[in-house]
Every structure is written in C-alpha cells, then in structure tokens.
Amino acid sequence: MDYIAGIDIGNSSTEVALIRNNNGYEFVATSLFRTTGLKGTVKNVPGVINALEQAAEKADIAVEDIDRILLNEAAPVIGDVAMETITETVITESTMIGHDPSTPGGVGLGTGTIVDITADREAITEEDAVIVVVPAAVDFADAAATINEWAEHAIDIQGAIVQKDDAVLINNRIDQDIPIVDEVTKIEAIPRGQPAAVEVATEGSGQTIDQLSNPYGLATLFDLSSEETQKIIPVSRALVGNKSAVVIKTPAGDVEERTIPAGSLTIIGEHGNSVSINIDQGADNIMTQIDELWPIEDIQGERGSNIGGMLSRAREQMGEVTGQDHSEINIRDIMAVDTLVPQKVEGSVASEHSMETAVGLAAMVKTSELPMQQIADEIENRLETEVNIQGIEANMAILGSLTTPGTDVPFAILDMGGGSTDAAYINGNHEISSIHLAGAGDMVTMLIASELGLDDRELAEGLKKYPVAKVETLFSIRHEDGTVTFLDEAVDSETFGQVVLLKGDGEMEPVGIDESVEKIRRTRRHAKEKVFVTNAKRALRQISPTESTRYHSFVVMVGRSALDFEIPEMISDALAEYGIVCGRGNIRSTTGPRNAVATGLCLSYVGDQAEFDVSVPNGLASAVGLTELTGDKQS
Amino acid sequence: MDYIAGIDIGNSSTEVALIRNNNGYEFVATSLFRTTGLKGTVKNVPGVINALEQAAEKADIAVEDIDRILLNEAAPVIGDVAMETITETVITESTMIGHDPSTPGGVGLGTGTIVDITADREAITEEDAVIVVVPAAVDFADAAATINEWAEHAIDIQGAIVQKDDAVLINNRIDQDIPIVDEVTKIEAIPRGQPAAVEVATEGSGQTIDQLSNPYGLATLFDLSSEETQKIIPVSRALVGNKSAVVIKTPAGDVEERTIPAGSLTIIGEHGNSVSINIDQGADNIMTQIDELWPIEDIQGERGSNIGGMLSRAREQMGEVTGQDHSEINIRDIMAVDTLVPQKVEGSVASEHSMETAVGLAAMVKTSELPMQQIADEIENRLETEVNIQGIEANMAILGSLTTPGTDVPFAILDMGGGSTDAAYINGNHEISSIHLAGAGDMVTMLIASELGLDDRELAEGLKKYPVAKVETLFSIRHEDGTVTFLDEAVDSETFGQVVLLKGDGEMEPVGIDESVEKIRRTRRHAKEKVFVTNAKRALRQISPTESTRYHSFVVMVGRSALDFEIPEMISDALAEYGIVCGRGNIRSTTGPRNAVATGLCLSYVGDQAEFDVSVPNGLASAVGLTELTGDKQS
Amino acid sequence: MTDQQAKPVASDGVPQIVIRYVENEHSLVEYIEYGIEEEGVPWRKQPLEDDADQPKNSATELAYQAASDSGLKIGIGVSRDKTLTLHHARLPIDKPVLSVIDPTNSQARTTGTNAARLAKRMPLRVID
Amino acid sequence: MTDQQAKPVASDGVPQIVIRYVENEHSLVEYIEYGIEEEGVPWRKQPLEDDADQPKNSATELAYQAASDSGLKIGIGVSRDKTLTLHHARLPIDKPVLSVIDPTNSQARTTGTNAARLAKRMPLRVID
Ligand SMILES: Nc1ncnc2c1ncn2[C@@H]1O[C@H](COP(=O)(O)OP(=O)(O)O)[C@@H](O)[C@H]1O
Ligand SMILES: Nc1ncnc2c1ncn2[C@@H]1O[C@H](COP(=O)(O)OP(=O)(O)O)[C@@H](O)[C@H]1O
Ligand SMILES: [Mg+2]
Ligand SMILES: [Mg+2]
C-alpha cells in the first residue's frame with residue numbers, strides 16, 4: 001500500500017496527516033508535535049521526524065513505510081510581541097498611602113496634623129486636631145492607652161497611621177471609633193507636623209472611600225486652590241477603589257504622573273505615504289493610522305524604545321531563517337492594544353502599586369518565501385523518502401477546512417495561531433485570497449501576564465487556557481460562575497484560600513496571584529476579545545471582495561487558538577450581528593479545528609483518485625492543488 | 001433677620017437652600033423633598049411647601065418667617081424611556097431543549113433516534129442508536145432498569161431526555177454513563193422517531209457544551225448541507241454557554257430568529273435635512289445619525305411602535321404642563337443603547353428563555369419655557385411671601401457648584417438627574433453655555449430592569465443604587481468583590497441562598513432573581529457606563545468652544561445620580577485620558593453633589609452683600625445673576 | 001428508644017447531610033434520600049429503634065441532633081408521627097429551617113432537595 | 001489532666017475558633033489571640049489544668065479536639081512543651097494544617113492570623 005504523509009510546519013506546532021491507498025485513499029493517522037527551532041530552518045526536521053514517528057505508530061507502520069512526504073509552503077511570517085508602558089506614577093515626597101491593607105481599623109474620615117505617638121502630650125495644643133503615627137516600637141496596648149489619655153486631655157484625635165498590623169487591636173481598645181490605616185512599612189518617611197487625612201470605608205461590598213478619591217474632596221479637606229486641585233489628581237485617581245487611604249499635604253511634594261518617553265513608530269504605506277506616531281497617543285490612534293495607510297510596506301520603531309527593540313528582534317529572527325539582510329525584511333502589520341499594567345510606585349511609603357497606562361504591541365514580519373527546500377532536502381536525506389513542497393499554506397488550509405461538514409464554497413477561514421491571525425477566502429470561482437495579521441495567541445498571553453503583573457509566561461498561558469476557581473474551604477472550591485464543587489479529599493494548606501487553575505482531570509494548580517477569580521476572568525476574557533475579535537473582523541474585512549466584514553456568509557475557525565474554551569464563541573457572537581454562520585471547524589468530521597493544512601496537503605495531492613473518504617466538492621482540489629479530483633465518495 | 005429661601009424644582013426632587021442675614025448672609029439649612037406632580041405645574045406647590053417646612057424646622061423658624069422665596073426657572077425639559085425588542089426566537093417545532101437544568105446527569109455527547117422508554121424493545125433494531133425519552137409516569141428506577149435491559153440486548157442507548165428531575169437518579173442506576181437532560185416539562189411535544197443529539201458538559205467552571213453550540217458541530221452530527229447549516233445557526237447560538245442541551249432534527253421545523261418590525265425614527269436636523277432610520281439598525285447607527293444631524297429640530301417615531309408611543313407620550317406630558325399643542329413641542333434628543341433582553345422562546349418545550357436583541361431609548365422633550373409664574377403666584381398666595389423667579393437653572397447650577405472647594409472659572413458642570421443629563425460651561429468671560437441630553441438615571445434603571453428580565457422598577461432602582469451580595473450560609477454573605485462577612489444572627493430560610501441588596505445599616509433585601517452576583521454587578525455597571533459615560537462625553541463635547549471633550553480642564557459632577565457609588569468614578573476614569581480634573585461636587589463644602597441650583601439662587605440674589613460665608617470668585621454673581629457681589633469673606 | 005452514640009466527626013472526613021429517623025418511617029426517608037441524591041450532595045442515615053418505652057423525640061430534636069453530627073451542619077429528622085424537619089446546627093434548636101407534617105412522598109423528596117440546596121448555597125424550593 | 005467536656009455546639013450560635021491549651025502556656029496564647037482579633041474572627045479559649053499525673057496530650061491532639069468543638073471547625077492546640085498546632089476538624093487527625101515548635105510571640109501571632117484566614121478563606125501567611 002501507498003502511504004503518504006502531509007506535514008504542516010507551524011510556528012509552534014508541526015502536524016501530520018497520514019493517508020494510505022487501500023483501493024482508494026483513506027486517512028489513517030493524525031499527529032502533532034512541537035515545532036523545533038525557528039519555522040523555516042532545518043532545525044524543524046527533528047520535530048517533523050518526531051511527528052512522523054507518532055503518526056506511523058498510530059497507523060501500525062514504520063516511518064520507512066511512508067512512500068511520499070508532502071510539505072507545506074509555510075507562510076513566511078513571524079510574529080512577536082512587546083509591551084510599552086507610557087505613564088509612571090512617582091511620589092516625590094510621601095504624599096499618599098494607598099496600599100489598602102486587609103484589616104484597617106475603625107471607619108470614617110479624619111483630618112489633622114501628624115503627630116508621633118511618642119510626642120510630649122503637653123506640646124500638643126488643644127485646638128489642634130491630630131492624626132497619630134504609631135511606629136513598630138510602640139506596643140498596640142500602649143498606643144491605645146496613650147490615645148485614651150490624650151483624649152481625656154481634650155486632644156482631638158481624628159485618626160491613626162500604624163506601622164504594624166495592629167489597627168483593629170488598637171481600635172478595639174480606645175474609646176472612640178477613629179479610622180486607622182496599618183501595615184505602613186516606611187513609617188519613618190511620614191512627615192510629622194503636616195496636615196493629613198485618613199479615610200476608612202464601611203465594611204461590606206461596594207464600600208470604597210469616596211473623599212480621598214475625589215479631587216474636590218481633597219480640595220475641601222486641604223483647602224486647595226484650583227491649581228493645587230489639578231495637581232492632586234494623580235493622588236485621587238490612585239486611591240479610587242481603595243477601602244482605606246491616607247493623604248498628606250506636603251510642602252513641596254506631590255504625586256507626579258509622568259509620561260515616559262515611549263518612542264514612536266513610523267508607518268510606511270505601500271502607496272508611498274508615511275506617518276510617524278508616538279506610542280503614547282494610544283492604541284486607537286495607532287490602529288487608525290495602520291488602517292488609513294493599508295496595505296503596509298514597512299514599520300519602523302524608534303531606536304532604544306521597547307517597541308524599536310522588538311521590531312529589530314523580529315527582523316533579526318527572520319534574517320536568521322532566510323539569510324536576508326535586515327533591509328530586505330519588512331514589518332507588514334502591527335496590532336496595538338491599550339492596557340493597564342501594575343507598577344510599583346516609586347518613592348512609595350507602603351509598597352503601593354498603581355495601574356499605569358501601557359500599550360501592548362504585536363508585530364508581524366513577512367518576507368517573500370521561506371527556504372522550505374532545504375528542509376525538504378534534509379528530510380529526504382534522513383528518511384530516504386521523496387519529499388514534495390506541495391502547496392501554499394492558505395490554499396491547503398482552505399481545502400482541509402472544507403472537510404468540515406456543513407461547509408461549502410464560497411467560504412472563509414480564520415486560522416488562529418500563536419504569532420499571527422491568518423484568514424483566507426475562496427470565492428465561487430475557486431479563487432483564493434489570504435492575509436496575515438499581527439496579534440494572536442501570544443499577544444493574548446502577554447496581555448494577561450502584563451495586566452496581572454506576572455513575569456511567568458507559562459503561568460499566563462495556563463490562565464489563558466483554563467478556567468480558575470477559588471479554594472474556599474478545605475473541601476470545596478467555588479467556580480467562576482459561582483457554583484460550588486465539593487471535593488472528596490482535603491486540599492493541602494498551601495492550596496487553601498488560593499485561586500487555582502482547573503486543568504481538567506481534577507488537577508488544581510495554585511496560581512499564587514492575589515486577585516479575585518472575577519478579576520482574573522475579566523482580564524482573561526478582555527485580552528481574548530481585544531486581540532481575536534478585533535483581528536477576526538479586520539481579517540475578514542480585508543479578504544472580502546467588497547472590503548466589508550458583513551460580506552461573508554460562512555466562516556470556519558481553525559488553528560489551536562480555536563481550541564480555546566472562550567474565543568470561538570466570542571468571535572461567533574461578534575459576527576452574529578452580520579448574520580454570519582461562524583463556528584469551530586471539524587476537520588474530517590473528527591479532529592476539530594486542528595490539522596487543516598496537513599489534511600489539505602493530502603487532499604490536493606491525491607486529487608485524481610477515484611475514491612476518497614471525506615467529502616470535498618467536485619473540481620475543488622484541481623482549482624487549489626495540482627491534480628483533478630473526481631468522483632469523491634461521500635462519507 | 002432676613003430669611004431667604006432658594007427653591008430648585010427638579011423632575012424628581014425639590015431642593016431648598018435657606019439663608020439668613022446675620023450681619024452678612026449665612027446658609028442655615030438645606031432640605032430636599034420629592035417633587036409632587038409634573039415639573040412646571042402648580043401641582044409642584046405641595047412639594048415646595050413641604051421642603052420649605054423641613055428647611056424652616058432645621059433652622060428653628062416657621063415657614064412664615066421666610067421673607068423672600070427665589071424660584072428657579074426650571075429647565076423646560078422632560079425625559080422618558082422605552083425599550084424596543086427587535087428580534088424574537090420562535091421554535092416552529094420542538095427543535096431544541098436549552099433550559100439548562102441545574103442537575104443533569106452523566107456527561108458527554110450522544111446521538112440517536114428518539115424512542116419512548118415505554119416502547120416495545122423488540123421493535124428497536126440493534127443497529128439503531130437511540131435517545132430514550134422518559135415521561136413522568138415512569139419511575140426512575142424502572143427507567144434505569146429498562147435502560148439496562150435494553151443495553152443487555154445490544155441496543156446502543158446514547159442519551160436520555162427526562163420529564164421529572166431524575167437525571168442523576170437514573171444515571172446512578174445504569175451501567176453506562178450517558179448524557180441525560182431532565183426537567184423537560186413538555187415531554188409529549190418531543191417527536192419520537194426523529195434523530196436527536198444530547199450533550200452534557202463536564203462538571204466544573206467554564207465547562208459548557210461545545211458541539212451543540214457550534215453550527216459545524218451540528219452539521220457533523222446531523223450530516224447537514226451548508227444551507228441547512230445556515231438555518232441551524234439560531235439553535236447553536238441559543239445554546240452557547242449552556243451546560244446541557246438537546247437538539248432534535250425535525251422534518252419541517254427549525255428555529256427562526258425573526259426580526260420584529262420595530263418601527264422607524266425620523267430625525268430632523270435644525271439645518272433642514274432629515275433622515276429615516278429603522279430601529280433594528282441598532283443603536284450605533286441611530287446615534288451616528290443624531291450626531292450628523294445635530295442640532296436636532298425634532299424626532300418622530302413610527303405610529304404603533306413602542307418608540308412611537310413613547311415619543312407621543314412625552315409630547316403629551318409636556319403639553320399638559322405648558323398647554324401647548326403637540327405640534328409646538330419638539331423632541332430635541334434621543335439616546336439609543338443596544339441591549340439584550342430575556343424573552344420566553346415561543347413554542348419552547350421546557351420554558352426556555354433566550355436573549356433577544358433590543359434597543360433602549362431615552363427621549364428628551366424641550367420647549368421654550370415652563371410656566372413657572374403660575375407656580376410662583378400660587379406659592380405667593382399660600383404663604384403670603386414674595387416670590388421671585390430668580391434665574392435659569394444652568395446658570396444657578398454653575399454658581400452653586402463654584403462653592404465646591406478647588407473649583408474656579410472656567411469650568412464645566414455635569415448635572416446628572418433622572419430624566420436628562422445636563423451640562424453647562426462657564427468661560428473666562430463668565431459666559432455660560434448649556435445643554436440637555438436624553439439619557440440619565442431613569443434610563444439606567446430601565447436597562448437594568450430589561451436585561452435582568454424584571455417588571456419591578458423599584459427593585460431595579462434598588463439594584464442600581466446598592467451593591468449586592470449572596471447569602472451563602474446561614475451566617476455569612478459573600479460580597480461582589482469575593483470577601484466574606486460573618487453575621488451575628490442567622491438569616492431566615494427565605495433569605496438563605498438568595499442574592500440580597502445591601503442597603504446600608506445591615507439591611508439585606510432579597511432580590512428574588514436567579515442570577516449570579518457577578519452577572520448583576522456586570523449588568524448594573526454596564527448600564528451606568530452606557531448611559532452616563534457616553535452622555536458625559538457627548539455633553540462636554542457639545543458645550544466646549546472647540547466641540548472637543550478634551551478641551552475641558554475641570555468638571556464638577558452634581559445632581560443625585562452623582563451620589564451613585566460607581567458613576568462618578570466611571571466618568572472620572574473615562575475623562576482621565578483627556579487629562580481632565582473630574583470629581584463629585586461638594587456644594588458649600590458640606591452637601592456633596594446636591595443643592596447646587598438652590599445654593600446658586602441664593603448666591604445670585606445676595607450678590608451685593610459684603611459678607612458671605614462661602615467663597616465665590618469676585619465679580620461672578622454679577623455676571624450670572626442680577627446684583628454685584630463684592631468682598632466675599634473666604635471660609 | 002435509645003439514642004445511638006453520636007459520632008462527632010465522619011472518619012473519612014467528607015462532610016455529609018445526616019438523616020435521623022425512627023425505624024418504621026423509612027418509606028419517607030427513601031424519598032428524602034432521592035431528593036439529596038439528585039442534587040449530588042453526600043449523606044448518611046441514623047436509624048433509631050422504635051422503642052415504645054423511651055420518650056418520643058420530636059422531629060425537630062432529631063433533626064437538630066442530626067445536624068450537630070453532620071459535617072455540613074445539616075440534618076433531617078423524621079419522627080414517629082410522620083413529621084419531617086430540616087435543621088441546621090447553628091440555628092436555635094426551636095427554630096428549624098422548615099418542617100412538614102405528614103408529608104407526601106413528593107414533599108419528602110423536596111425536603112431532601114432543600115437539605116442539599118442548603119449545602120450548595122442555592123435558594124430553597126417551596127414545598128407545595 | 002482532665003479533658004473538659006466538649007461542648008458540641010456554641011449556644012449562642014455564632015461559630016468561633018477554639019484555642020485549647022495547657023494552663024501554664026498562656027503567654028503564647030495571648031499572642032495567638034492578638035492574631036485572631038486583628039483579623040476580626042470570633043474565638044474562645046479552653047484552658048486545661050496542667051496535671052502532671054495525666055498523660056500529656058500533644059498539641060496536635062489538643063488542636064484536633066478544639067477543632068471538633070469549633071463551629072468553624074478550626075482549632076489551635078498549645079501543649080505543655082510549647083508546641084503550637086493549627087488544625088481543622090475535617091483533616092485526618094495526624095495531618096494538621098501547620099505546627100510550630102517553641103514559637104516566638106510573633107510566630108504565635110501569625111498562627112492566630114492563619115487560623116482566622118482559614119475561616120475567611122484567605123491564603124495563609126508564611127510563619128517565618
Ligand atoms: N487548548 C488550548 N486552548 C487555548 N489556546 C491554545 C490551546 N492549545 C494551544 N493554544 C494556543 O495556540 C497557539 C498556537 O497555535 P498553533 O495553531 O499551534 O500555531 P501555529 O500554526 O503558528 O503553529 C498558542 O498561542 C497557544 O497558546
Ligand atoms: N443614592 C443614590 N444613588 C444613585 N442614584 C440615585 C440616588 N438617589 C437618587 N438617585 C437617582 O437620581 C435621579 C434623580 O436625580 P435628581 O438630581 O433628583 O433629578 P432632578 O434634578 O431631575 O430632580 C434618579 O434617577 C434616581 O434614581
Ligand atoms: Mg490590620
Ligand atoms: Mg436533575
């Protein structure tokens with residue numbers, strides 16, 4: 001029997017479809033292996049061979065039994081991602097405390113002059129309202145006793161700032177109820193003698209401070225002019241959503257929200273015009289420029305900026321693969337997304353973090369072709385089997401996708417991978433147009449990592465792919481949708497109280513992030529929406545004859561990001577308003593959204609055989625591949 | 001002593017500021033009462049008198065001691081809201097079961113021909129895969145026994161559809177694990193003999209079905225052509241997010257998603273051009289037209305539609321107040337918002353609801369002026385006190401808002417009420433421009449009610465104003481942010497397990513809605529965002545000299561919707577990217593965002609007095625009011 | 001009737017609803033169990049001998065004892081006179097969650113359903 | 001040392017953490033209590049006479065008994081040899097949540113904090 005293998009080398013995965021001629025061709029095995037090395041280099045060969053071995057094993061043959069190997073003409077595209085933060089918050093003097101400790105004390109708003117609890121009581125005039133500062137050296141019981149003593153001597157104590165985690169202990173031992181903020185590590189940095197305000201919101205959900213987070217509230221408390229009110233805005237905005245906070249009026253200092261020079265991009269359109277745009281103008285502006293200058297000839301980034309570095313890196317990487325010079329390699333698309341990233345506030349008193357504005361960028365490098373022939377040659381050498389470079393990726397993907405039941409020409413595919421979002425459209429005359437856009441699975445992972453303040457990309461990948469839950473008790477977890485599952489065995493004490501990834505098979509991996517399940521879910525979904533829904537519409541618009549997304553009737557989603565548990569539904573939802581039939585592919589009725597290209601390679605080669613076990617419209621393979629396909633057997 | 005009262009009659013509240021001359025004027029009382037009757041009619045007088053009585057009591061005087069009353073020239077604006085559903089899902093035959101019962105049985109996907117469990121086993125051929133239907137008359141233990149018996153006789157049972165809540169009981173007593181959907185009330189409507197597929201997702205968060213909610217999955221299961229796949233789209237979309245579902249292939253029937261003729265709007269611009277637009281084109285298109293035709297002369301709705309009815313009603317209501325003819329009354333603005341409302345699916349087998357597309361609309365009627373004089377006359381009669389109509393609302397609001405510390409001219413105000421969002425801007429020359437837009441607190445309430453499927457507007461008002469929590473155990477509640485509060489006393493059994501409104505003071509009101517806390521929170525915040533953030537930007541853009549939102553430097557938010565615990569921060573957030581200082585007002589450093597107009601009335605009258613206890617810039621009152629204001633005492 | 005020795009903690013650790021009932025009323029108990037089983041929450045039974053010499057425990061007392069034994073703090077009591085009570089160990093003993101007198105099988109089942117819903121933090125079904 | 005009679009249910013109903021300790025170790029107990037108090041969770045103490053004739057209960061056993069008494073199922077045991085153990089009534093008796101031998105006052109306080117965080121479903125603090 002004749003065995004033929006179709007091989008799709010992608011940026012992250014290498015897939016194989018294996019067919020044999022048993023009085024007519026039939027598919028006998030499918031496999032997938034991690035792509036080794038950069039796509040388009042001979043380093044891919046080990047991964048190819050591994051994938052072939054897996055497929056051969058499933059088909060109960062040896063790799064040597066494969067008579068012919070079909071290789072895809074891989075899309076000459078590399079994607080990369082980077083994040084550019086464009087603001088930072090600097091506290092030039094200790095103006096605010098906004099770390100939001102978990103157990104503040106008391107409730108309400110208090111204003112007064114800052115006084116150390118060790119100060120001489122006689123020195124405090126009775127008219128002054130005071131905010132008391134309690135360093136770690138002072139035991140909480142003593143602090144409470146002192147506060148009571150001062151109160152007996154008619155000193156108006158309005159609030160307290162405490163170094164240790166003692167706010168509740170102190171509040172329970174004093175006679176009045178004053179707002180107390182604790183766990184203030186750098187207590188020595190708080191300027192004694194300055195006016196301050198302390199606010200603690202009432203306990204309960206939705207309860208956040210509302211005076212210190214309102215610039216006019218601060219103006220009222222500190223009697224600010226309108227110029228001073230304008231300056232205090234970064235403080236009030238940093239405190240929005242806090243359950244407690246302290247603001248101190250310092251003689252010179254304030255909180256500065258600086259714009260970091262984030263660099264600029266120069267976008268050059270194919271029609272000759274070009275535009276320079278600063279990244280801090282935000283993603284919407286950048287994408288508008290991309291849209292107006294489309295199609296893009298090249299994009300350059302300012303030297304020394306993060307984005308400049310990323311674009312260089314992407315060019316270099318492509319140069320490694322093709323041997324071309326930097327100058328011959330073009331950046332054909334970028335995707336920009338506005339986001340917020342938690343950054344440590346410089347000069348902060350209690351390790352505060354604030355959410356800084358940032359722009360996430362994905363870039364796509366494209367060149368004319370990849371040197372697949374050297375890969376083909378190497379495989380031929382190693383396996384002593386004939387290797388054909390069978391067809392370009394987009395065409396093969398279309399052909400393979402057509403094996404999804406319910407599909408027919410004309411239709412479009414969305415191939416959602418890691419480095420790029422690709423789309424192709426085949427019209428009634430079997431003509432195929434295709435496009436590659438920057439921004440796909442890797443960008444989603446980066447956005448999740450940035451917005452949650454994670455360095456660990458693997459963890460971010462996990463947060464992308466799996467839903468989370470909170471370990472509430474030793475025997476139960478609460479899911480994202482609020483339902484509770486009871487466990488058969490107790491969790492261990494490191495897992496208790498943690499947010500965990502639910503990887504299936506009952507495995508729960510603690511994520512070690514101090515965020516709520518709801519926040520993680522929102523971040524994850526938002527990242528997927530910003531990247532894939534946007535690019536789905538962009539791609540479908542670009543490949544439609546009328547440059548309109550709503551032109552399409554049928555869209556099939558393939559690629560491994562189409563396996564995601566949320567992305568296909570988000571896209572279907574977004575396309576529904578255009579009346580588009582959109583769903584995850586089901587290649588050969590069995591493999592879901594995977595293996596489209598490898599399947600298409602086999603179909604296009606076999607084109608002139610009489611019997612086939614998947615249904616493809618007559619005459620199709622001939623139009624997209626190399627041979628005639630007649631008399632398909634309908635499955 | 002001289003006592004003077006400023007009275008602001010609004011659509012929902014009537015506010016009073018009371019000042020007295022004590023060698024210089026000082027504010028002595030503030031009060032608020034519900035507005036009685038339609039604003040601008042003599043029916044307002046009882047509410048006015050009530051408010052005056054409250055203020056007098058707080059100042060320890062009698063209403064008769066008030067020497068002069070200042071009335072606002074109330075904005076001649078009425079707002080109204082309506083919802084227009086533009087799609088409906090009709091199941092012409094029992095094609096799908098998507099009610100998502102809470103305890104389905106088994107897991108996985110099964111396809112087969114529908115057979116009643118009471119059928120004669122001998123009649124079933126062994127090759128057929130079957131889906132078994134279990135009516136209420138069959139006890140679950142018998143059903144399980146029958147299934148086991150059939151399985152012993154090599155009948156391939158792939159799934160079950162059960163009338164009673166017995167899925168788990170049955171699954172626990174049969175030998176295989178098959179997907180079982182239960183609580184199917186109209187079991188008799190399921191067509192025996194037809195092909196069907198049953199899917200139950202694995203237990204756990206994020207786990208939803210993925211075959212029956214994918215049109216190509218349905219195409220695979222039922223071997224559909226691409227035309228048939230296109231028709232099945234409403235079924236797959238209706239099942240997205242379900243934990244379980246059944247789809248039945250019926251000979252003729254399918255699910256139709258019909259567009260309901262929702263009527264059209266005719267928008268007439270002041271410059272003479274007009275446009276007709278169908279409501280089912282969606283909110284974005286409607287708002288684009290409004291924007292292009294701005295300023296609006298009038299808007300008419302198609303007779304017989306909901307929107308037509310609402311616009312008529314608004315005109316009538318204004319006509320009642322002013323005595324004008326319908327034809328003299330113009331609709332000057334509408335706000336349209338895309339939304340989804342749960343509607344019962346017609347012809348459904350198990351009382352399914354689906355989310356149908358709808359457009360929410362707010363309209364604003366404006367006329368030249370309201371007959372305030374008759375109100376003034378009536379008050380004069382009743383109290384025998386002199387009544388002046390002191391100034392137009394926008395100017396008085398500006399003046400009163402300036403008593404917020406940290407404000408200065410030029411600046412803008414956003415007055416967020418119930419029926420309209422109003423804005424005013426005062427420039428360096430003390431010239432004031434103002435605008436009224438449709439869409440405010442009432443629209444937020446309507447959107448919350450519609451999206452949660454509530455008839456009860458009062459409940460929706462509560463859901464707007466207060467955060468929610470879930471009563472998880474007899475002694476604890478879980479807040480929106482995931483934190484848990486332990487209660488001192490047990491809740492009663494009607495409150496247990498319910499979502500409750502936290503009204504402050506420890507009061508928990510069960511809301512009786514079967515939605516998660518997260519869903520309610522999202523709906524509430526989304527409604528506030530769609531109405532108030534949009535209108536904040538619209539309003540500020542229209543009143544800026546350069547027709548650009550980012551022109552503004554200072555914005556003060558007033559009105560009772562500015563009391564909301566979320567809205568001011570959402571707006572501040574949205575305006576932050578423009579570098580705007582935005583915060584809730586603090587009238588007279590004491591009353592927060594309330595009483596701006598009433599305070600402004602007093603200030604403008606008193607203009608030429610030497611002493612004043614609030615700080616207003618020199619020369620200001622003269623520009624906006626009637627008298628000179630010199631030598632303000634700074635507070 | 002002798003009280004069985006209350007086991008303070010389930011030795012396997014998994015918390016369960018506890019049903020405590022007088023032996024001859026086990027037909028109702030069967031339906032209670034169906035209600036709990038359908039909801040997927042674990043449970044166990046504590047049958048008591050129907051000893052006519054011992055003083056009768058009311059369903060409320062039985063339910064409270066059961067709840068105190070239960071790792072979920074949820075108990076159902078069935079007394080000799082066919083009263084069904086659902087209780088929680090943290091409520092005052094005289095204020096159970098609900099009680100039904102001489103219930104039908106369907107009402108018994110709904111009581112079981114409600115015991116499980118108490119554990120799953122879902123609103124209770126009205127017993128009609 | 002005699003065991004106090006375990007009270008199966010707090011009569012006022014509000015669930016509490018239970019600290020069970022040998023009398024002469026009450027200085028450590030003070031710091032445990034501070035940890036719990038700061039977190040805002042209710043608790044009560046069960047002091048035991050230090051009777052040298054009775055067999056010594058380990059901190060783990062004391063903690064487990066305390067947890068079984070506790071409405072929150074959370075117990076802390078302090079043994080005569082200054083071992084501190086935090087336990088939960090549903091864990092196997094020999095597998096407590098954590099134990100500290102001869103703790104400092106700060107470590108004792110963190111143990112109290114962790115007992116409360118167990119109740120509040122928050123991650124535990126590392127005892128350093
Ligand atoms: N189960 C999954 N759920 C969601 N995303 C996935 C899953 N498996 C892989 N991915 C994502 O798919 C991307 C790779 O897609 P793939 O089609 O293999 O790309 P390529 O064609 O470039 O090799 C990565 O971003 C990865 O995170
Ligand atoms: N505490 C509150 N939180 C949020 N919204 C509120 C609150 N109190 C009143 N509102 C809303 O304010 C609106 C009425 O505002 P108001 O300024 O009184 O209007 P008007 O000026 O037309 O009388 C209503 O939509 C009401 O729901
Ligand atoms: Mg604290
Ligand atoms: Mg069920």
# chains A, B, ... in the order shown; residues from 1 in each chain; ligands from 1
>>> residues_around(residues="Lys45 of chain D", least_positions_apart="3", cutoff="7 Å", atoms="only C-alpha atoms", output="PDB file with N, CA and C atoms, in the first residue's frame")
ATOM      1  N   VAL D  18     -11.532  27.780  68.221  1.00  0.00           N
ATOM      2  CA  VAL D  18     -11.322  27.333  69.608  1.00  0.00           C
ATOM      3  C   VAL D  18      -9.838  27.127  69.871  1.00  0.00           C
ATOM      4  N   ILE D  19      -9.350  27.701  70.967  1.00  0.00           N
ATOM      5  CA  ILE D  19      -7.954  27.511  71.379  1.00  0.00           C
ATOM      6  C   ILE D  19      -7.956  26.652  72.630  1.00  0.00           C
ATOM      7  N   ARG D  20      -7.232  25.546  72.569  1.00  0.00           N
ATOM      8  CA  ARG D  20      -7.213  24.599  73.686  1.00  0.00           C
ATOM      9  C   ARG D  20      -5.781  24.496  74.167  1.00  0.00           C
TER      10      ARG D  20
END
>>> residues_near_ligand(ligand="ligand 3", cutoff="6 Å", atoms="only C-alpha atoms and all ligand atoms", output="list of chain:residue names")
A:Thr103, A:Pro104, A:Asp165, A:Asp166, A:Ala167, A:Val168, A:Asp182, D:Glu38
>>> interface_residues(of="chain D", to="chain A", cutoff="10 Å", atoms="only C-alpha atoms", output="VMD selection string")
chain D and resid 34 to 40 88 90 to 92 95 to 98 117 to 126
>>> write_last_selection(atoms="C-alpha atoms", output="tab-separated table (two decimals), in the first residue's frame")
chain	number	residue	atom	x	y	z
D	34	TYR	CA	-3.99	39.02	69.03
D	35	GLY	CA	-3.57	37.42	65.64
D	36	ILE	CA	-7.19	36.28	65.57
D	37	GLU	CA	-8.54	39.54	66.96
D	38	GLU	CA	-6.83	41.67	64.32
D	39	GLU	CA	-8.46	39.58	61.60
D	40	GLY	CA	-11.92	40.09	63.08
D	88	HIS	CA	-9.18	21.56	61.00
D	90	ARG	CA	-12.11	17.51	58.65
D	91	LEU	CA	-8.47	16.72	58.15
D	92	PRO	CA	-7.00	13.37	59.23
D	95	LYS	CA	-2.27	15.81	59.31
D	96	PRO	CA	-2.85	19.22	60.83
D	97	VAL	CA	-2.74	22.43	58.81
D	98	LEU	CA	0.55	23.51	60.41
D	117	ARG	CA	-7.57	33.42	57.49
D	118	LEU	CA	-8.63	29.80	57.26
D	119	ALA	CA	-12.06	30.98	58.34
D	120	LYS	CA	-12.05	33.93	55.97
D	121	ARG	CA	-10.91	31.78	53.07
D	122	MET	CA	-7.78	33.80	52.51
D	123	PRO	CA	-4.34	32.40	51.76
D	124	LEU	CA	-2.24	31.71	54.84
D	125	ARG	CA	0.78	33.76	55.89
D	126	VAL	CA	4.13	32.04	55.95
>>> residues_near_ligand(ligand="ligand 2", cutoff="6 Å", atoms="only C-alpha atoms and all ligand atoms", output="list in words")
Gly10, Asn11, Ser12, Ser13, Gly417, Gly418, Gly419, Gly441, Asp442, Lys465, Gly559, Arg560, Ser561, Leu563 and Asp564 of chain B
>>> closest_residue(among="C:Gln16, C:Ser68, C:Ser58, C:Ser79", to="chain D", atoms="only C-alpha atoms")
C:Ser68
>>> residues_around(residues="Ile69 of chain B", least_positions_apart="2", cutoff="6 Å", atoms="only C-alpha atoms", output="ChimeraX atom specification")
/B:4-5,387
>>> interface_residues(of="chain B", to="chain A", cutoff="7 Å", atoms="only C-alpha atoms", output="ChimeraX atom specification")
/B:204-206,214-216,219-220,223-226,229-230,233,404-408,467,479-482,516,581,583-586,589
>>> residues_around(residues="segment 141-151 of chain A", least_positions_apart="6", cutoff="10 Å", atoms="only C-alpha atoms", output="number ranges by chain")
A: 117-118, 121-122, 124, 126, 132-135, 157, 160, 162, 166, 169-176
